[in-house]
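A.B. asks: If you scroll down you'll find the structure; I have some questions about it.
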Amino acid sequence: MRVLLFLGIALMLVGVAWALLAAPTELFQGAPQRIMYVHVPSVVTAYVALLVVFAGSVLFLWRRDPRWDRLARSAAELGVLFISMTLLSGAIWGKAVWGAWWTWDARLTTTLILWFIYIGYLMVRAWAPGARGARAAAIIGIVGVLDIPIIHWSAILLRTLHPQPTVFRVDGPALPPTMLVPLVINMVAFLVVLTALLVLRVRQERTLDALAEALEGGA
Amino acid sequence: MSGGAPERWAVEVRGLVKAFDHRPVLRGVDLRVRAGETLAVLGANGSGKTTLLRLIATLSSPTRGSVTWFGEPSAPLPEIRRRIGLVPHESLLYDALTVEENLKFFGGLYDLAPERVESALDEYGLRPLALRRVRVLSRGQRQQVNLARALLHDPELLILDEPYTGLDVGAADRLTATLRASAARGCTVILTTHDPDGAGALGADVTVMLDGRLTEIMPAAGLDAAILAAWFREGRR
Amino acid sequence: MGYVAAAYIVVAALFAGYAMTLVARQRLIADLSDAAGTRQGRS
Amino acid sequence: MRVVRLLVGKDLRLEWRGREIVSAMGLLALLLAIVLGATRSGPEAAPAAMWVTYAFGATLGFTRTFTLERDHLTALLLAPLDRGLIFAAKALTNWLGLVVVQVISLPLFGALFTETIWTRLPALAIPMLLGGVGLAAVGTLFGGLIVQARLREALLPILMLPVVLPLVIAAVGATTGILDGLPLWAIGAQLQLLLVFDIIFVTASFLLFEYVVEE
């Protein structure tokens with residue numbers, strides 16, 4: 001697992017270096033466009049983490065096996081981490097390109113609402129420890145992901161209330177290969193780091209549970 | 001454990017383990033109760049008696065091991081619940097409602113005819129209390145209403161958690177009489193208590209909860225000093 | 001140009017922050033295992 | 001459904017005797033309406049004020065329904081009925097509580113914000129009902145989840161509000177349209193979202209409730 005982490009970090013360094021130094025400057029936005037190489041991977045990684053939370057929660061409710069609960073718990077933490085990254089890098093990018101830290105763009109609003117939902121998830125974990133808290137968190141993990149399409153839909157409705165500039169379309173104009181390669185490298189780097197951190201966290205949780213059992217059980 | 005012919009057991013518990021957040025309360029309980037039998041589970045407070053009862057009453061699921069009711073391992077739980085009555089330690093009655101309203105509500109839960117509630121009011125001598133709010137009743141009266149509630153749907157298995165605590169002599173005798181009557185009708189009765197004399201009065205068999213496991217089932221008189229001593233030691237620990 | 005740097009620094013800071021929580025939890029595990037160790041007689 | 005009627009009947013009788021929940025929710029609703037009215041009381045502020053009041057009224061009311069039920073839940077779990085029915089009955093009771101709050105706060109919104117509430121009432125009832133059902137479904141599910149948690153009263157709003165935000169957005173949109181005199185088809189998108197939200201959350205809660213109550 002150590003190898004995975006170092007591989008991820010190495011890849012990330014390569015990706016960032018490539019993005020900052022070698023990649024061409026985009027014509028319309030200029031330098032700020034380089035934030036994309038961090039913003040887009042963190043969005044993808046965040047949603048991957050949320051899917052892991054969803055899968056872990058469903059399997060935990062169905063199988064009642066603590067292993068799935070630990071996976072969901074760790075993935076939720078990482079999900080919040082990467083959503084925070086997405087929101088902050090997105091805000092900075094927005095400020096750089098058209099001077100607004102926040103716009104009620106459908107995707108940004110969805111990500112923000114998800115951030116609150118999974119902060120709630122972590123709070124339930126903290127304030128309702130034990131088996132009941134785990135089940136409560138699992139249900140929130142499921143509801144959170146089920147809610148994504150609705151949130152997105154309502155965010156679009158919200159946008160009709162707030163006229164605002166057209167949002168940067170990352171997937172709009174096809175990215176030239178010189179930009180696509182560093183983006184993919186960074187994407188892979190983020191996902192490898194996610195996996196490594198996930199494995200590390202699950203191992204920590206397993207040890208913690210085992211220790212808790214040893215201390216309390218006394219058997 | 002008396003082998004006996006493989007007749008249907010009212011309740012069969014095999015290798016039952018129950019842990020709450022890594023803390024094992026039941027460490028492998030084995031128990032078989034024949035239909036129509038009355039069993040008293042003795043044990044100190046916090047020895048897991050209530051946990052065992054909640055498992056037998058289908059209110060919680062075991063961490064490991066199994067509980068089989070009426071010899072039907074695959075029967076759906078709602079069906080089993082229709083044949084079980086529970087008198088837990090805390091009263092399940094709604095204090096703001098009157099005795100009659102409570103019984104009508106619980107009767108409705110089991111889809112019983114209104115006449116059943118009327119007959120229960122007379123059968124348990126609750127007619128005079130019918131219109132009084134449960135909040136104003138004494139513990140003995142409340143126990144009587146709880147008992148009526150649990151027996152309303154004529155369960156085949158009646159489970160009581162510490163029914164004798166806090167009862168005056170009169171109420172205790174009434175309780176014993178009611179339990180005897182139910183047993184006579186073939187109803188299996190399982191109750192917990194931490195007072196061995198109560199079990200003796202009922203003529204029930206006895207088992208003791210020690211360290212998360214149950215001892216052999218034996219007649220109440222058969223309680224030998226060794227087990228009682230071990231049980232008191234555990235109580236004080 | 002400052003914005004790009006700001007964005008990358010923020011991302012790096014978040015990773016660092018998370019790394020610190022990992023380390024803190026690792027220390028918690030160390031303490032707990034000592035406690036568990038001494039309880040079972042291991043010195 | 002006989003059982004649901006029975007359960008709701010019991011809840012309503014209990015509530016009528018105690019009147020704790022409805023009075024607490026009602027008082028909060030009136031208070032919120034006044035506070036919001038005092039700050040920005042133009043007609044355009046009415047929809048937002050209404051739905052903020054309903055959402056917060058719901059969060060307060062729903063934590064209490066389960067704390068009252070906690071020791072009696074055992075009796076319901078013992079009865080030979082599908083656990084989802086317990087959710088359905090509890091959600092229905094909560095929804096009725098919310099309807100009461102919506103009705104008694106309406107005159108205040110009419111007075112403080114805009115008279116058109118009364119002229120557009122029949123159309124206004126649609127988003128109010130749809131929104132109420134959604135709030136009741138989510139509130140009952142989450143209310144049940146955190147019965148044992150510490151700081152329950154704080155936790156429910158934190159959990160519930162982000163999830164119901166889409167409902168509030170759509171409801172405010174629909175209410176604004178109606179108060180501006182738009183015909184119903186003009187706010188079709190908002191009503192559609194409310195309907196889909198209700199369907200998803202009523203079914204999801206019905207299925208997931210089994211895990212809320214079992215030990």
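How things are named: the first chain in the structure tokens is A, the next is B, and so on; residues count from 1 in each chain; ligands count from 1 in the order shown.
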With 10 Å as the cut-off and only C-alpha atoms counted, what is the closest atom pair between each nearby residue of chain A and chain C? Distances in Å to one decimal, ordered by chain and number, as CSV.

C.D. replies:
residue,atom,partner,partner_atom,distance
A:Val16,CA,C:Tyr8,CA,8.7
A:Leu20,CA,C:Val4,CA,8.8
A:Gly30,CA,C:Met1,CA,9.0
A:Ala31,CA,C:Met1,CA,6.2
A:Pro32,CA,C:Val4,CA,5.5
A:Gln33,CA,C:Val4,CA,8.1
A:Arg34,CA,C:Val4,CA,6.6
A:Ile35,CA,C:Val4,CA,5.7
A:Met36,CA,C:Val4,CA,9.5
A:Tyr37,CA,C:Tyr8,CA,9.6
A:Val38,CA,C:Tyr8,CA,7.3
A:His39,CA,C:Ala7,CA,8.6
A:Ser42,CA,C:Val11,CA,9.2
A:Glu77,CA,C:Tyr18,CA,9.4
A:Leu78,CA,C:Tyr18,CA,8.8
A:Leu81,CA,C:Leu14,CA,7.3
A:Phe82,CA,C:Leu14,CA,8.7
A:Ser84,CA,C:Leu14,CA,8.2
A:Met85,CA,C:Val11,CA,5.9
A:Thr86,CA,C:Val11,CA,8.8
A:Leu88,CA,C:Val10,CA,7.4
A:Ser89,CA,C:Ala7,CA,5.2
A:Gly90,CA,C:Ala7,CA,8.5
A:Ala91,CA,C:Ala7,CA,9.0
A:Ile92,CA,C:Ala7,CA,6.2
A:Trp93,CA,C:Tyr3,CA,7.2
A:Gly94,CA,C:Tyr3,CA,9.8
A:Lys95,CA,C:Tyr3,CA,8.2
A:Ala96,CA,C:Tyr3,CA,6.2
A:Val97,CA,C:Tyr3,CA,9.6
A:Leu197,CA,C:Leu22,CA,9.2
A:Leu200,CA,C:Leu22,CA,8.7
A:Arg201,CA,C:Leu22,CA,7.7
A:Gln204,CA,C:Gln26,CA,7.3
A:Glu205,CA,C:Arg25,CA,9.2
A:Thr207,CA,C:Ile29,CA,7.3
A:Leu208,CA,C:Ile29,CA,6.3
A:Asp209,CA,C:Ile29,CA,9.9
A:Ala210,CA,C:Ser33,CA,9.6
A:Leu211,CA,C:Ser33,CA,6.4
A:Ala212,CA,C:Leu32,CA,8.1
A:Glu213,CA,C:Ala36,CA,9.6
A:Ala214,CA,C:Ala36,CA,6.5
A:Leu215,CA,C:Ala36,CA,5.7
A:Glu216,CA,C:Ala36,CA,9.4
A:Gly218,CA,C:Arg39,CA,8.5

A.B. asks: Could you give me, as CSV, a per-residue list for stretch 2-113 of chain D showing, wherever an atom lies at most 12 Å from an atom of stretch 44-55 of chain B, the closest pair of atoms and their distance in Å to one decimal, using only C-alpha atoms and sorting by chain then residue number from low to high?

C.D. replies:
residue,atom,partner,partner_atom,distance
D:Thr74,CA,B:Arg54,CA,9.6
D:Ala75,CA,B:Arg54,CA,11.9
D:Leu77,CA,B:Arg54,CA,11.1
D:Leu78,CA,B:Arg54,CA,10.1

A.B. asks: Return the neighbours of chain D among the residues of chain B, cut-off 9 Å, counting only C-alpha atoms, as an MDAnalysis selection string.

C.D. replies: chainID B and resid 57:61 77:86 88 90:94 96:97 101 105:106 108:111

A.B. asks: Output the selection as a compact mmCIF listing (two decimals), in the first residue's frame - N, CA and C atoms for each residue.

C.D. replies:
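Final output, saved to selection-v2.txt:
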# COMPACT_ATOMS: atom_id res chain seq x y z
N ALA B 57 -38.21 -12.06 21.68
CA ALA B 57 -39.46 -11.36 21.31
C ALA B 57 -39.35 -10.75 19.92
N THR B 58 -38.39 -11.15 19.14
CA THR B 58 -38.15 -10.71 17.74
C THR B 58 -37.83 -9.22 17.66
N LEU B 59 -37.42 -8.59 18.78
CA LEU B 59 -37.20 -7.14 18.74
C LEU B 59 -35.78 -6.79 18.29
N SER B 60 -34.85 -7.77 18.40
CA SER B 60 -33.50 -7.47 17.86
C SER B 60 -32.94 -8.75 17.28
N SER B 61 -31.94 -8.57 16.41
CA SER B 61 -31.42 -9.75 15.69
C SER B 61 -30.08 -10.15 16.31
N LEU B 77 -41.43 -13.26 9.99
CA LEU B 77 -41.50 -12.64 11.32
C LEU B 77 -42.88 -12.08 11.66
N PRO B 78 -43.56 -11.35 10.76
CA PRO B 78 -44.88 -10.84 11.17
C PRO B 78 -45.79 -11.95 11.66
N GLU B 79 -45.71 -13.14 11.01
CA GLU B 79 -46.56 -14.24 11.46
C GLU B 79 -46.19 -14.65 12.89
N ILE B 80 -44.89 -14.74 13.14
CA ILE B 80 -44.44 -15.15 14.49
C ILE B 80 -44.89 -14.12 15.52
N ARG B 81 -44.77 -12.85 15.15
CA ARG B 81 -45.11 -11.79 16.13
C ARG B 81 -46.56 -11.87 16.54
N ARG B 82 -47.41 -12.36 15.60
CA ARG B 82 -48.83 -12.43 15.94
C ARG B 82 -49.05 -13.39 17.11
N ARG B 83 -48.08 -14.32 17.33
CA ARG B 83 -48.29 -15.35 18.36
C ARG B 83 -47.46 -15.09 19.60
N ILE B 84 -46.89 -13.84 19.70
CA ILE B 84 -46.04 -13.54 20.86
C ILE B 84 -46.63 -12.35 21.62
N GLY B 85 -46.58 -12.43 22.96
CA GLY B 85 -47.02 -11.28 23.79
C GLY B 85 -45.85 -10.89 24.68
N LEU B 86 -45.62 -9.59 24.87
CA LEU B 86 -44.46 -9.15 25.67
C LEU B 86 -44.91 -8.15 26.73
N PRO B 88 -42.72 -5.84 28.79
CA PRO B 88 -41.35 -5.43 29.10
C PRO B 88 -41.30 -4.72 30.45
N GLU B 90 -40.43 -1.63 31.01
CA GLU B 90 -41.12 -0.31 30.98
C GLU B 90 -42.52 -0.53 30.38
N SER B 91 -43.49 0.29 30.79
CA SER B 91 -44.87 0.09 30.33
C SER B 91 -45.00 0.61 28.90
N LEU B 92 -45.68 -0.17 28.05
CA LEU B 92 -45.83 0.24 26.64
C LEU B 92 -47.11 1.05 26.45
N LEU B 93 -47.73 1.45 27.55
CA LEU B 93 -49.02 2.11 27.42
C LEU B 93 -48.84 3.61 27.18
N TYR B 94 -49.82 4.21 26.55
CA TYR B 94 -49.76 5.66 26.31
C TYR B 94 -50.39 6.38 27.50
N ALA B 96 -51.23 9.33 28.13
CA ALA B 96 -52.27 10.36 27.92
C ALA B 96 -53.60 9.72 27.53
N LEU B 97 -53.58 8.43 27.16
CA LEU B 97 -54.83 7.79 26.74
C LEU B 97 -55.44 7.04 27.92
N GLU B 101 -58.94 3.18 25.77
CA GLU B 101 -58.37 3.63 24.48
C GLU B 101 -57.09 2.85 24.18
N PHE B 105 -56.60 0.44 21.01
CA PHE B 105 -55.53 0.68 20.03
C PHE B 105 -54.74 -0.61 19.79
N PHE B 106 -54.30 -1.23 20.89
CA PHE B 106 -53.48 -2.45 20.72
C PHE B 106 -54.32 -3.57 20.12
N GLY B 108 -56.55 -3.09 17.93
CA GLY B 108 -56.57 -2.76 16.49
C GLY B 108 -55.30 -3.23 15.80
N LEU B 109 -54.16 -3.09 16.52
CA LEU B 109 -52.88 -3.51 15.91
C LEU B 109 -52.95 -4.99 15.53
N TYR B 110 -53.65 -5.78 16.34
CA TYR B 110 -53.71 -7.22 16.06
C TYR B 110 -55.01 -7.58 15.35
N ASP B 111 -55.73 -6.53 14.87
CA ASP B 111 -56.93 -6.75 14.07
C ASP B 111 -57.97 -7.58 14.85

A.B. asks: Based on DSSP run over this structure's backbone, return all residues of stretch 18-194 of chain B in alpha helix (DSSP H), as a ChimeraX atom specification.

C.D. replies: /B:49-56,77-82,99-109,114-123,139-151,169-184

A.B. asks: Select, as a ChimeraX atom specification, those residues of chain D with any atom no more than 9 Å from chain A (distances computed using only C-alpha atoms).

C.D. replies: /D:142,144-146,148-152,155,158-163,165-167,169-170,173,189-190,193,196-197,200-201,204,208,211-215
